[in-house]
Protein chains: 2
Amino acid sequence: MVYQLYYWPTIQGRGEFVRLALEEAQAEYVDVARQKNGTRAMMKMQEEASEPSFAPPFLVAGEQTIGQTANILLFLGARHGLAPRAQAGRLWINQLQLTIADLVAEAHDTHHPIASALYYEDQKKEARRRSADFLAARVPKFFDYFEGVLAKAGRGGYFTGARVSYADLSMFQVIAGLRYAFPLSMARVEAGYPRLVALHEQVAARPNVAAYLASKRRIPFDQDGIFRNYPELDK
Amino acid sequence: MVYQLYYWPTIQGRGEFVRLALEEAQAEYVDVARQKNGTRAMMKMQEEASEPSFAPPFLVAGEQTIGQTANILLFLGARHGLAPRAQAGRLWINQLQLTIADLVAEAHDTHHPIASALYYEDQKKEARRRSADFLAARVPKFFDYFEGVLAKAGRGGYFTGARVSYADLSMFQVIAGLRYAFPLSMARVEAGYPRLVALHEQVAARPNVAAYLASKRRIPFDQDGIFRNYPELDK
């Protein structure tokens, strides 16, 4: 089956977590909105689906349309060996993914603490306050948690040990994003989290991921996605 | 099996979505932190679980410890008939639940747009700006979406038609919470969403839910939970 991924064509955003899973799994997919007239096709699809999505990304898999990033990954993980086979293991990876999603939402709100619909420039003062708390309190709290999970998982370096899951791919993406957004702070912070740093490297070195990252299919980080580099927020 | 629910003992919070599912299903559970020395037991459990949770709520079901609200509901929904049997239907309910979770997070941030760790009084100005956008733009956007889903679902009044799911219970809770937090704005807004209002009433009238709401097990809304009533934010 060829999947159709619907997501904004010019940003990594939440679609990137899905792209990484599809690429690691070597699944065939069309990144619909990046085709000619693709964004229009996406809007139409979003409205007309019998089970519509609140927002992109959503994935069409045969008859099914699946929205919400963690939900798409739950589906793909089971089909492509990117999650344990047993139900308990699948719930565990879903739990980690949802915790990563919480961190992602907070990372977004560092530059948009008041309203997504307003420009950054219209909430700059608030963004400074929120970023300071995010870097001082929230990132360490999340990283303590994920580092602890890796410590309990034992050898192999992934969240469930030796086998990669979609939650590992997502964690890689979050670390890469935070490094892009907050290079100074991250250099300081990540020194205390050797297992997370190693996970990031290990995912980046996986052949399918490495090939993807080197390809044109990987959209670069920029100032329109979730992770944005505003030096004034990186204190 | 008797479940053990771990959540803060004095607030509804995110634990309430789990409580509503357990109550509707008439599942046996102990609300651990509301027992003697319960909060201490919760802290200990959170640290020592082999698959720890970032934050409450988490549910112990035999050998399994399951965290993240939507993940707990995914598990309970399958076991207690609060989600469709087919995988596609389960993913659809999970998708709706995750969209509800996004709305819940935004409702929380109306009074804490800068930092959860700060007092409301220390972010009151920002809370005003964020609440104004939430009520003018975000609530209508989410409600348009959910009302549209109900319209497509056809007869029965629930998200999948005639059978209640945990996402319906959660939607009930969100409407109740928003009414508590923003009574003036909600009176205006909800007039445009007859299906959502009917869903709220229909869930509240279900015998198990009604018995629960009338019991002492239902903690009242207050100024410490997700939904708080600050009249200055309800414009």
# chains A, B, ... in the order shown; residues from 1 in each chain; ligands from 1

call {"tool": "interface_residues", "arguments": {"of": "chain A", "to": "chain B", "cutoff": "6 Å", "atoms": "only C-alpha atoms", "output": "PDB file with N, CA, C and O atoms, in the first residue's frame"}}
result
ATOM      1  N   GLN A  68      -4.072  13.109  13.986  1.00  0.00           N
ATOM      2  CA  GLN A  68      -3.353  13.269  15.265  1.00  0.00           C
ATOM      3  C   GLN A  68      -2.046  12.474  15.215  1.00  0.00           C
ATOM      4  O   GLN A  68      -2.040  11.237  15.103  1.00  0.00           O
ATOM      5  N   GLN A  95       2.506   5.878  25.381  1.00  0.00           N
ATOM      6  CA  GLN A  95       2.660   6.755  26.547  1.00  0.00           C
ATOM      7  C   GLN A  95       3.871   7.673  26.389  1.00  0.00           C
ATOM      8  O   GLN A  95       3.789   8.886  26.643  1.00  0.00           O
ATOM      9  N   PRO A 113       3.256  32.103  23.207  1.00  0.00           N
ATOM     10  CA  PRO A 113       2.582  31.832  24.478  1.00  0.00           C
ATOM     11  C   PRO A 113       1.165  32.410  24.562  1.00  0.00           C
ATOM     12  O   PRO A 113       0.383  31.963  25.386  1.00  0.00           O
ATOM     13  N   ILE A 114       0.832  33.348  23.716  1.00  0.00           N
ATOM     14  CA  ILE A 114      -0.481  33.997  23.816  1.00  0.00           C
ATOM     15  C   ILE A 114      -1.459  33.470  22.779  1.00  0.00           C
ATOM     16  O   ILE A 114      -2.593  33.114  23.099  1.00  0.00           O
ATOM     17  N   ARG A 130       8.150  33.019  29.005  1.00  0.00           N
ATOM     18  CA  ARG A 130       7.821  31.592  28.890  1.00  0.00           C
ATOM     19  C   ARG A 130       9.065  30.767  28.556  1.00  0.00           C
ATOM     20  O   ARG A 130       9.260  29.681  29.080  1.00  0.00           O
TER      21      ARG A 130
END

call {"tool": "select_by_dssp", "arguments": {"residues": "segment 9-200 of chain A", "states": "alpha helix (DSSP H)", "output": "PyMOL selection string"}}
result
chain A and resi 15-24+38-48+69-79+87-111+124-133+139-153+166-181+183-190+194-200

call {"tool": "atom_distance", "arguments": {"atom1": "atom CA of Ala198 of chain A", "atom2": "atom CA of Glu147 of chain A"}}
result
10.6 Å

call {"tool": "atom_distance", "arguments": {"atom1": "atom CA of Asn229 of chain A", "atom2": "atom CA of Gln173 of chain A"}}
result
15.3 Å
